[in-house]
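Shown below: coords-v2.txt, with compact mmCIF, C-alpha atoms and all ligand atoms.
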# COMPACT_ATOMS: atom_id res chain seq x y z
CA LYS A 21 40.30 -43.53 59.31
CA LYS A 22 36.81 -44.97 58.83
CA LYS A 23 36.00 -45.35 55.16
CA LEU A 24 32.47 -44.22 54.33
CA ILE A 25 30.22 -44.19 51.31
CA LEU A 26 27.24 -41.88 51.69
CA ASP A 27 24.17 -42.86 49.68
CA VAL A 28 21.98 -39.77 49.62
CA ASP A 29 18.93 -38.04 48.14
CA THR A 30 20.05 -34.57 49.14
CA GLY A 31 17.47 -33.06 50.84
CA VAL A 32 17.95 -30.71 53.75
CA ASP A 33 18.79 -33.37 56.33
CA ASP A 34 21.05 -35.24 53.90
CA ALA A 35 22.92 -31.95 53.45
CA GLN A 36 23.23 -31.67 57.23
CA GLY A 37 24.47 -35.25 57.43
CA ILE A 38 27.02 -34.74 54.66
CA MET A 39 28.35 -31.64 56.41
CA VAL A 40 28.66 -33.50 59.71
CA ALA A 41 30.62 -36.28 57.97
CA LEU A 42 32.90 -33.84 56.13
CA VAL A 43 34.35 -32.42 59.32
CA ALA A 44 34.70 -35.70 61.23
CA PRO A 45 38.44 -36.13 61.78
CA ASN A 46 38.27 -39.94 61.87
CA VAL A 47 36.45 -40.29 58.55
CA GLU A 48 37.38 -40.58 54.90
CA ILE A 49 34.49 -40.26 52.45
CA LEU A 50 35.29 -42.51 49.52
CA GLY A 51 32.33 -41.40 47.49
CA ILE A 52 28.82 -40.00 47.55
CA THR A 53 26.27 -41.99 45.58
CA CYS A 54 23.07 -40.19 44.65
CA CYS A 55 19.58 -41.66 44.44
CA HIS A 56 16.09 -40.37 43.64
CA GLY A 57 14.08 -39.47 46.73
CA ASN A 58 13.40 -36.18 48.41
CA THR A 59 13.63 -34.52 45.01
CA PRO A 60 14.19 -35.76 41.43
CA LEU A 61 17.66 -37.18 40.80
CA GLU A 62 18.88 -34.19 38.77
CA ASN A 63 18.25 -31.94 41.80
CA VAL A 64 19.87 -34.47 44.14
CA LEU A 65 23.03 -34.36 42.03
CA LYS A 66 23.09 -30.59 41.93
CA ASN A 67 22.33 -30.27 45.65
CA THR A 68 25.11 -32.67 46.59
CA LEU A 69 27.60 -30.68 44.56
CA ARG A 70 26.31 -27.44 46.11
CA VAL A 71 26.95 -28.78 49.59
CA LEU A 72 30.45 -29.94 48.66
CA LYS A 73 31.20 -26.58 47.08
CA VAL A 74 30.26 -24.62 50.20
CA CYS A 75 32.58 -26.92 52.15
CA ASN A 76 35.39 -26.69 49.58
CA ARG A 77 35.24 -30.46 49.12
CA LEU A 78 34.48 -30.87 45.45
CA ASP A 79 37.36 -33.35 45.43
CA ILE A 80 34.98 -36.02 46.80
CA PRO A 81 33.62 -38.16 43.94
CA VAL A 82 29.88 -37.86 43.38
CA TYR A 83 28.02 -40.50 41.37
CA ARG A 84 24.68 -40.55 39.55
CA GLY A 85 22.46 -43.40 40.76
CA CYS A 86 18.94 -44.68 40.19
CA SER A 87 16.36 -42.15 39.08
CA GLY A 88 13.32 -44.03 40.34
CA PRO A 89 12.17 -46.98 42.45
CA LEU A 90 12.33 -50.61 41.35
CA LEU A 91 8.54 -50.64 41.03
CA GLY A 92 5.78 -48.10 41.05
CA ARG A 93 5.72 -44.36 40.79
CA LYS A 94 8.32 -41.91 42.00
CA ARG A 95 7.70 -40.03 45.20
CA HIS A 96 9.34 -36.82 46.31
CA ALA A 97 9.07 -34.69 49.42
CA GLY A 98 8.94 -31.20 47.93
CA ASP A 99 6.50 -29.88 50.53
CA TYR A 100 9.07 -30.33 53.21
CA HIS A 101 12.44 -29.97 51.48
CA GLY A 102 11.34 -27.54 48.77
CA LYS A 103 10.73 -28.29 45.10
CA ASP A 104 14.48 -28.20 44.48
CA GLY A 105 15.15 -30.28 47.60
CA LEU A 106 17.13 -27.56 49.35
CA GLY A 107 14.57 -25.02 50.48
CA ASP A 108 14.06 -23.32 47.09
CA VAL A 109 16.75 -20.71 47.59
CA PRO A 110 18.18 -19.69 44.21
CA ASP A 111 21.90 -20.43 43.79
CA PRO A 112 23.28 -18.84 40.63
CA ASP A 113 26.72 -20.29 41.35
CA ALA A 114 25.65 -23.91 41.67
CA PRO A 115 28.32 -26.23 40.26
CA GLY A 116 27.54 -27.94 36.97
CA LEU A 117 26.82 -31.63 36.58
CA GLU A 118 29.95 -32.04 34.46
CA LEU A 119 31.72 -32.48 37.82
CA LEU A 120 30.03 -35.84 38.32
CA GLN A 121 31.99 -39.05 37.93
CA LYS A 122 31.46 -41.00 34.72
CA LYS A 123 30.86 -44.30 36.49
CA ASN A 124 27.33 -44.74 37.85
CA ALA A 125 26.57 -45.00 41.56
CA VAL A 126 25.80 -48.71 41.58
CA GLN A 127 29.01 -49.65 39.75
CA ALA A 128 30.95 -47.31 42.00
CA MET A 129 29.52 -48.87 45.17
CA ILE A 130 30.45 -52.34 43.98
CA LYS A 131 33.94 -51.27 42.94
CA ILE A 132 34.75 -49.33 46.11
CA VAL A 133 33.53 -52.09 48.41
CA ASN A 134 35.37 -54.81 46.49
CA GLU A 135 38.57 -52.81 46.56
CA ASN A 136 38.27 -52.39 50.35
CA PRO A 137 36.69 -55.64 51.59
CA GLY A 138 35.57 -55.46 55.22
CA GLU A 139 36.51 -51.80 55.49
CA VAL A 140 33.71 -49.74 54.05
CA THR A 141 30.77 -48.46 56.07
CA LEU A 142 27.77 -47.54 53.95
CA VAL A 143 25.40 -44.87 55.22
CA ALA A 144 22.11 -44.95 53.34
CA THR A 145 19.88 -41.95 53.90
CA ALA A 146 17.81 -42.23 50.71
CA PRO A 147 15.40 -44.80 49.31
CA LEU A 148 17.47 -48.00 49.11
CA THR A 149 17.34 -48.41 45.32
CA ASN A 150 21.08 -48.02 44.63
CA LEU A 151 22.08 -50.52 47.28
CA ALA A 152 19.37 -53.01 46.27
CA VAL A 153 20.52 -52.96 42.64
CA ALA A 154 24.15 -53.26 43.74
CA ILE A 155 23.23 -56.30 45.87
CA GLN A 156 21.40 -57.90 42.95
CA LEU A 157 24.47 -57.43 40.76
CA ASP A 158 26.94 -58.51 43.42
CA PRO A 159 25.25 -60.65 46.10
CA SER A 160 28.49 -60.82 48.08
CA LEU A 161 28.37 -57.07 48.68
CA PRO A 162 26.64 -57.03 52.11
CA LYS A 163 29.19 -59.51 53.45
CA LYS A 164 32.02 -57.27 52.34
CA LEU A 165 30.72 -54.17 54.10
CA LYS A 166 32.07 -53.31 57.51
CA ALA A 167 28.69 -51.96 58.58
CA LEU A 168 25.50 -50.51 57.21
CA TYR A 169 23.66 -47.52 58.69
CA ILE A 170 20.19 -46.82 57.39
CA MET A 171 17.79 -43.97 57.98
CA GLY A 172 14.40 -45.41 57.24
CA GLY A 173 11.45 -47.44 58.37
CA ASN A 174 9.34 -47.16 61.44
CA ILE A 175 8.80 -49.13 64.61
CA GLU A 176 5.26 -48.27 65.60
CA SER A 177 3.51 -48.18 62.24
CA ARG A 178 3.61 -44.41 62.43
CA GLY A 179 4.04 -42.90 59.03
CA ASN A 180 5.31 -39.62 57.73
CA THR A 181 4.40 -40.35 54.12
CA THR A 182 1.53 -42.82 54.24
CA GLU A 183 -0.52 -43.86 57.26
CA CYS A 184 2.05 -46.46 58.22
CA GLY A 185 5.07 -45.70 56.14
CA GLU A 186 8.26 -43.71 56.46
CA PHE A 187 9.43 -41.87 53.34
CA ASN A 188 12.63 -43.75 52.39
CA PHE A 189 10.99 -47.17 52.66
CA VAL A 190 7.73 -46.11 51.04
CA ALA A 191 9.62 -44.49 48.16
CA ASP A 192 11.01 -47.93 47.26
CA PRO A 193 9.57 -50.78 49.34
CA GLU A 194 11.06 -53.52 47.13
CA ALA A 195 14.53 -52.05 47.49
CA ALA A 196 14.16 -51.85 51.28
CA TYR A 197 12.93 -55.45 51.28
CA ILE A 198 15.95 -56.66 49.30
CA VAL A 199 18.41 -54.83 51.53
CA LEU A 200 16.81 -56.03 54.76
CA ASP A 201 16.57 -59.55 53.40
CA ARG A 202 20.24 -59.80 52.48
CA TYR A 203 22.21 -57.79 55.00
CA THR A 204 24.91 -59.79 56.72
CA CYS A 205 27.12 -57.04 58.13
CA PRO A 206 26.19 -55.24 61.36
CA THR A 207 23.20 -53.10 60.38
CA TYR A 208 21.92 -50.12 62.35
CA ILE A 209 18.60 -48.45 61.64
CA ALA A 210 17.51 -44.94 62.61
CA THR A 211 13.74 -45.05 62.21
CA TRP A 212 11.28 -42.21 61.84
CA GLU A 213 9.99 -42.45 65.41
CA PHE A 214 13.54 -42.62 66.76
CA SER A 215 14.50 -39.43 65.00
CA CYS A 216 11.38 -37.67 66.27
CA ARG A 217 12.06 -38.70 69.85
CA ASN A 218 15.62 -37.42 69.64
CA SER A 219 14.91 -34.12 67.95
CA LEU A 220 17.19 -31.12 68.37
CA PRO A 221 15.62 -28.43 70.57
CA TRP A 222 14.79 -25.21 68.72
CA SER A 223 16.97 -23.19 71.09
CA PHE A 224 19.91 -25.36 70.05
CA CYS A 225 19.07 -24.90 66.35
CA ASP A 226 19.17 -21.11 66.80
CA GLN A 227 22.58 -21.34 68.41
CA TRP A 228 23.80 -23.73 65.72
CA LEU A 229 22.71 -21.48 62.87
CA ALA A 230 23.95 -18.28 64.51
CA GLN A 231 27.57 -19.18 63.80
CA LYS A 232 29.23 -16.55 61.63
CA THR A 233 30.55 -18.71 58.82
CA LYS A 234 29.80 -19.23 55.14
CA LYS A 235 28.58 -22.74 55.94
CA ALA A 236 26.17 -21.43 58.59
CA VAL A 237 24.71 -18.83 56.19
CA PHE A 238 24.15 -21.58 53.61
CA MET A 239 22.62 -23.92 56.17
CA LYS A 240 20.29 -21.24 57.51
CA GLU A 241 19.04 -20.51 54.00
CA ILE A 242 18.45 -24.10 52.96
CA SER A 243 16.89 -25.17 56.29
CA SER A 244 14.50 -22.27 56.66
CA LEU A 245 11.56 -23.83 54.77
CA SER A 246 11.74 -27.23 56.46
CA MET A 247 12.21 -25.69 59.89
CA LYS A 248 9.12 -23.53 59.36
CA LYS A 249 7.25 -26.60 58.24
CA ALA A 250 8.44 -28.55 61.30
CA GLN A 251 7.16 -25.78 63.54
CA SER A 252 3.78 -25.58 61.85
CA ALA A 253 0.59 -26.70 63.52
CA ASP A 254 0.12 -29.62 61.13
CA TYR A 255 3.50 -31.03 61.85
CA GLN A 256 3.07 -30.60 65.58
CA LYS A 257 0.30 -33.13 65.44
CA GLU A 258 2.95 -35.68 64.62
CA ILE A 259 5.02 -37.18 67.38
CA THR A 260 7.65 -34.49 67.25
CA ALA A 261 5.01 -32.33 68.91
CA GLY A 262 7.00 -29.34 67.70
CA LYS A 263 9.63 -29.98 70.35
CA GLY A 264 12.52 -29.66 67.98
CA PHE A 265 13.99 -30.31 64.58
CA ASN A 266 14.58 -33.88 63.54
CA SER A 267 17.45 -34.08 61.15
CA CYS A 268 16.55 -37.71 60.39
CA ASP A 269 19.46 -38.60 58.15
CA THR A 270 22.10 -37.14 60.41
CA TYR A 271 21.42 -39.76 63.10
CA ALA A 272 22.56 -42.48 60.72
CA VAL A 273 25.62 -40.47 59.67
CA ALA A 274 26.56 -39.58 63.25
CA ALA A 275 26.26 -43.19 64.37
CA ALA A 276 28.49 -44.32 61.50
CA ILE A 277 31.11 -41.78 62.55
CA ASP A 278 30.97 -42.66 66.24
CA ASP A 279 28.76 -45.55 67.29
CA THR A 280 28.98 -44.56 70.96
CA VAL A 281 26.27 -41.98 70.19
CA ILE A 282 23.83 -44.88 70.19
CA THR A 283 23.17 -45.33 73.90
CA GLU A 284 20.40 -47.89 73.54
CA SER A 285 19.39 -50.17 70.71
CA GLU A 286 17.30 -53.26 70.23
CA LYS A 287 18.39 -56.28 68.20
CA VAL A 288 15.58 -57.65 66.11
CA ALA A 289 15.06 -59.20 62.68
CA VAL A 290 13.28 -56.85 60.32
CA THR A 291 11.56 -56.91 56.96
CA VAL A 292 9.25 -54.73 54.92
CA GLU A 293 5.57 -55.08 54.02
CA LEU A 294 5.22 -55.15 50.23
CA GLU A 295 1.44 -55.34 49.99
CA GLY A 296 -1.38 -53.95 52.06
CA THR A 297 -3.71 -51.09 51.29
CA TYR A 298 -2.29 -48.90 54.03
CA THR A 299 0.86 -50.70 55.06
CA ARG A 300 2.98 -51.05 51.89
CA GLY A 301 6.50 -49.91 52.75
CA MET A 302 6.05 -50.28 56.50
CA MET A 303 8.91 -51.88 58.41
CA VAL A 304 7.96 -55.13 60.13
CA LEU A 305 9.73 -56.26 63.31
CA ASP A 306 9.87 -60.01 63.70
CA TYR A 307 10.09 -60.29 67.49
CA MET A 308 8.79 -63.87 67.42
CA GLU A 309 11.50 -64.82 64.94
CA LEU A 310 8.94 -66.49 62.71
CA GLN A 311 11.04 -65.71 59.68
CA LYS A 312 14.06 -67.54 61.11
CA LYS A 313 16.38 -64.86 59.80
CA LYS A 314 20.04 -65.39 60.56
CA HIS A 315 20.75 -61.71 61.01
CA LYS A 316 19.16 -59.14 63.22
CA ALA A 317 19.42 -55.40 62.88
CA PHE A 318 20.18 -52.91 65.64
CA ILE A 319 17.19 -50.62 65.92
CA MET A 320 18.36 -47.39 67.49
CA LYS A 321 16.42 -46.41 70.59
CA LYS A 322 18.33 -43.71 72.45
CA PHE A 323 21.03 -41.30 71.41
CA ASP A 324 23.66 -39.20 73.13
CA LEU A 325 22.19 -35.83 72.18
CA GLU A 326 25.09 -33.86 73.67
CA LYS A 327 27.62 -35.59 71.41
CA PHE A 328 25.23 -35.21 68.50
CA LYS A 329 24.87 -31.48 69.13
CA GLN A 330 28.63 -31.11 69.21
CA MET A 331 28.89 -32.76 65.81
CA PHE A 332 26.28 -30.33 64.50
CA MET A 333 28.13 -27.33 65.90
CA ASN A 334 31.43 -28.49 64.38
CA SER A 335 29.84 -29.04 60.99
CA LEU A 336 29.35 -25.30 60.42
CA LYS A 337 32.70 -24.08 61.78
C1 LIG B 1 13.50 -39.42 55.51
O1 LIG B 1 12.78 -38.96 54.40
C2 LIG B 1 13.34 -37.79 53.91
O2 LIG B 1 12.41 -36.76 53.78
C3 LIG B 1 14.47 -37.40 54.82
O3 LIG B 1 15.52 -36.90 54.03
C4 LIG B 1 14.81 -38.68 55.50
O4 LIG B 1 15.74 -39.41 54.76
C5 LIG B 1 12.68 -39.27 56.74
O5 LIG B 1 11.54 -40.07 56.61
In structure tokens, how does this file's structure come out?
Amino acid sequence: KKKLILDVDTGVDDAQGIMVALVAPNVEILGITCCHGNTPLENVLKNTLRVLKVCNRLDIPVYRGCSGPLLGRKRHAGDYHGKDGLGDVPDPDAPGLELLQKKNAVQAMIKIVNENPGEVTLVATAPLTNLAVAIQLDPSLPKKLKALYIMGGNIESRGNTTECGEFNFVADPEAAYIVLDRYTCPTYIATWEFSCRNSLPWSFCDQWLAQKTKKAVFMKEISSLSMKKAQSADYQKEITAGKGFNSCDTYAVAAAIDDTVITESEKVAVTVELEGTYTRGMMVLDYMELQKKKHKAFIMKKFDLEKFKQMFMNSLK
């Protein structure tokens, strides 16, 4: 089985990604490490446990990670994911945080990867703070990963958070810089524009959520706010053009489970802009290889949507 660590800021699309990974028959989730991001860390922890509870998988270890970026102020995405990060639907039966592991997320990442050298695939769908700190503490970490899948960054300077910046990178540009500077394992990136261009048609979403299961009821509740937002006039101005729902994080998770879903990618060295009035946090593609980086990342371009849809359907069964 593929050994995965999921590094999340649960969020609606993180929840969708986690649920896709939980039902993948070829996957073993060694741990879920939580990071600040879509919502404050305390909510991320609670949301992750809520998702695992609905799926009867509270046996998976969940770890508390970094509560803010390496530099600068915290950013959250409450407008889209809800103030609580999962659509603001009250859950009186949410599991308590006493279920969390005692070890912190960064220590756990280092330990798990060192115990399974060359075998662990890390899927990072949050700001990259946990991984950046882990790399600073153990610089050999990237070499010991089997692969790294990231949801973040952008390819055409099109932002969803600032003019030119995608949320996960803008929420911790220094962390993204460190990770992209040091990766040595095969690294795959699902960018903002990529996820928009491969959005799930609304008719499919209806079918997906119409399944008569406890998981589907939960998913419908938590996704309702962000789906409404994605269908709103404001959002349609963005490149999704209201064509469908882009479950950004799930592309990275799906690709980690089965990399044949990536039907086209581009190999290019990448970094992150750390300054700039409008461009801080923007991903920079070094096509001219001016930076002489040894390693290039695979920037996802096209996806097998049919396989992706099947994974979505299975996740709520
Ligand atoms: C990313 O930001 C978050 O809102 C989503 O969860 C995703 O990780 C998209 O830019």
Could you give me, as an mmCIF file with C-alpha atoms, keeping the file's coordinate frame, the residues within 6 Å of stretch 229-244 of chain A, counting all atoms listed in the file and dropping anything in the same chain fewer than 6 positions from it?
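After the write, result19.cif holds the following:
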data_model
loop_
_atom_site.group_PDB
_atom_site.id
_atom_site.type_symbol
_atom_site.label_atom_id
_atom_site.label_comp_id
_atom_site.auth_asym_id
_atom_site.auth_seq_id
_atom_site.Cartn_x
_atom_site.Cartn_y
_atom_site.Cartn_z
ATOM 1 C CA LEU A 106 17.130 -27.560 49.350
ATOM 2 C CA GLY A 107 14.570 -25.020 50.480
ATOM 3 C CA LEU A 336 29.350 -25.300 60.420
#
Atom-to-atom span, atom CA of A:Pro115 and atom CA of A:Ala41, Å: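 Interatomic distance, atom CA of A:Pro115 to atom CA of A:Ala41: 20.5 Å.
The space between atom O2 of ligand LIG 1 (chain B) and atom CA of A:Asn58 spans 5.5 Å.
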Option closest in space to A:Ser252, from A:Asp269, A:Asn67, A:Tyr100, A:Gly172 [counting all atoms listed in the file]: A:Tyr100
Proximity of chain A to ligand LIG 1 (chain B): per-residue shortest pair, 9 Å limit, only C-alpha atoms and all ligand atoms, as JSON lines:
{"residue": "A:Val28", "atom": "CA", "partner": "B:LIG1", "partner_atom": "O4", "distance": 8.1}
{"residue": "A:Asp29", "atom": "CA", "partner": "B:LIG1", "partner_atom": "O3", "distance": 6.9}
{"residue": "A:Thr30", "atom": "CA", "partner": "B:LIG1", "partner_atom": "O3", "distance": 7.1}
{"residue": "A:Gly31", "atom": "CA", "partner": "B:LIG1", "partner_atom": "O3", "distance": 5.4}
{"residue": "A:Val32", "atom": "CA", "partner": "B:LIG1", "partner_atom": "O3", "distance": 6.7}
{"residue": "A:Asp33", "atom": "CA", "partner": "B:LIG1", "partner_atom": "O3", "distance": 5.3}
{"residue": "A:Asp34", "atom": "CA", "partner": "B:LIG1", "partner_atom": "O3", "distance": 5.8}
{"residue": "A:Ala35", "atom": "CA", "partner": "B:LIG1", "partner_atom": "O3", "distance": 8.9}
{"residue": "A:Gly57", "atom": "CA", "partner": "B:LIG1", "partner_atom": "C2", "distance": 7.4}
{"residue": "A:Asn58", "atom": "CA", "partner": "B:LIG1", "partner_atom": "O2", "distance": 5.5}
{"residue": "A:His96", "atom": "CA", "partner": "B:LIG1", "partner_atom": "O2", "distance": 8.1}
{"residue": "A:Ala97", "atom": "CA", "partner": "B:LIG1", "partner_atom": "O2", "distance": 5.9}
{"residue": "A:Gly98", "atom": "CA", "partner": "B:LIG1", "partner_atom": "O2", "distance": 8.8}
{"residue": "A:Tyr100", "atom": "CA", "partner": "B:LIG1", "partner_atom": "O2", "distance": 7.3}
{"residue": "A:His101", "atom": "CA", "partner": "B:LIG1", "partner_atom": "O2", "distance": 7.2}
{"residue": "A:Ala144", "atom": "CA", "partner": "B:LIG1", "partner_atom": "O4", "distance": 8.6}
{"residue": "A:Thr145", "atom": "CA", "partner": "B:LIG1", "partner_atom": "O4", "distance": 4.9}
{"residue": "A:Ala146", "atom": "CA", "partner": "B:LIG1", "partner_atom": "O4", "distance": 5.4}
{"residue": "A:Pro147", "atom": "CA", "partner": "B:LIG1", "partner_atom": "O4", "distance": 7.7}
{"residue": "A:Met171", "atom": "CA", "partner": "B:LIG1", "partner_atom": "O4", "distance": 5.9}
{"residue": "A:Gly172", "atom": "CA", "partner": "B:LIG1", "partner_atom": "O5", "distance": 6.1}
{"residue": "A:Gly173", "atom": "CA", "partner": "B:LIG1", "partner_atom": "O5", "distance": 7.6}
{"residue": "A:Asn174", "atom": "CA", "partner": "B:LIG1", "partner_atom": "O5", "distance": 8.9}
{"residue": "A:Gly179", "atom": "CA", "partner": "B:LIG1", "partner_atom": "O5", "distance": 8.4}
{"residue": "A:Asn180", "atom": "CA", "partner": "B:LIG1", "partner_atom": "O5", "distance": 6.3}
{"residue": "A:Thr181", "atom": "CA", "partner": "B:LIG1", "partner_atom": "O5", "distance": 7.6}
{"residue": "A:Gly185", "atom": "CA", "partner": "B:LIG1", "partner_atom": "O5", "distance": 8.6}
{"residue": "A:Glu186", "atom": "CA", "partner": "B:LIG1", "partner_atom": "O5", "distance": 4.9}
{"residue": "A:Phe187", "atom": "CA", "partner": "B:LIG1", "partner_atom": "O5", "distance": 4.3}
{"residue": "A:Asn188", "atom": "CA", "partner": "B:LIG1", "partner_atom": "O1", "distance": 5.2}
{"residue": "A:Phe189", "atom": "CA", "partner": "B:LIG1", "partner_atom": "O5", "distance": 8.1}
{"residue": "A:Ala191", "atom": "CA", "partner": "B:LIG1", "partner_atom": "O1", "distance": 8.9}
{"residue": "A:Thr211", "atom": "CA", "partner": "B:LIG1", "partner_atom": "O5", "distance": 7.8}
{"residue": "A:Trp212", "atom": "CA", "partner": "B:LIG1", "partner_atom": "O5", "distance": 5.7}
{"residue": "A:Ser215", "atom": "CA", "partner": "B:LIG1", "partner_atom": "C5", "distance": 8.5}
{"residue": "A:Asn266", "atom": "CA", "partner": "B:LIG1", "partner_atom": "C5", "distance": 8.9}
{"residue": "A:Ser267", "atom": "CA", "partner": "B:LIG1", "partner_atom": "C3", "distance": 7.7}
{"residue": "A:Cys268", "atom": "CA", "partner": "B:LIG1", "partner_atom": "C4", "distance": 5.3}
{"residue": "A:Asp269", "atom": "CA", "partner": "B:LIG1", "partner_atom": "O4", "distance": 5.1}
{"residue": "A:Thr270", "atom": "CA", "partner": "B:LIG1", "partner_atom": "O4", "distance": 8.8}
Option closest in space to A:Lys163, from A:Ala275, A:Cys205, A:Leu148, A:Leu142 [counting only C-alpha atoms]: A:Cys205
A:Met129, A:Leu61, A:Ile198, A:Ile175 ranked by distance to A:Asp306, top pick (using only C-alpha atoms):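 Result for the nearest residue to A:Asp306: A:Ile175.
From atom CA of A:Leu65 back to atom CA of A:Met303, the distance works out to 27.8 Å.
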Proximity to A:Pro45 - best of A:Asp278, A:Val126, A:Lys313, A:Val290, only C-alpha atoms: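 Looking at the shortest contact to A:Pro45, the residue is A:Asp278.
Take the candidates A:Ile155, A:Ala195, A:Val82, A:Leu69 and check each one against A:Gly116 using all atoms listed in the file; the shortest distance goes to A:Leu69.
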Put the listed atoms of stretch 104-121 of chain A in a box along x, y and z with 8 Å added on every side and give me the centre and edge lengths in Å to one decimal, as JSON.
{"center_x": 23.0, "center_y": -28.9, "center_z": 42.5, "size_x": 33.9, "size_y": 36.2, "size_z": 32.0}
Which of A:Ala317, A:Arg84, A:Gln36, A:Arg202 sits closest to A:Phe265 [using all atoms listed in the file]: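 Closest to A:Phe265, using all atoms listed in the file: A:Gln36.
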Within 12 Å of file point (15.9, -32.7, 72.4), counting all atoms listed in the file, expressed as a PyMOL selection string: chain A and resi 214-225+260-267+322-326+328-329
Shell around A:Val47 at 8 Å using only C-alpha atoms, local window under 3 positions removed, as a list of chain:residue names: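 Contacts, in chain order: A:Lys21, A:Lys22, A:Lys23, A:Leu24, A:Ala41, A:Leu42, A:Ala44, A:Ile277.
Near A:Ser177, within 12 Å and counting all atoms listed in the file, sit Thr182, Glu183, Cys184, Gly185, Glu186, Thr211, Trp212, Glu213, Val292, Glu293, Tyr298, Thr299, Arg300, Gly301, Met302, Met303, Val304 and Leu305 of chain A, not including residues fewer than 5 positions from it in the same chain.
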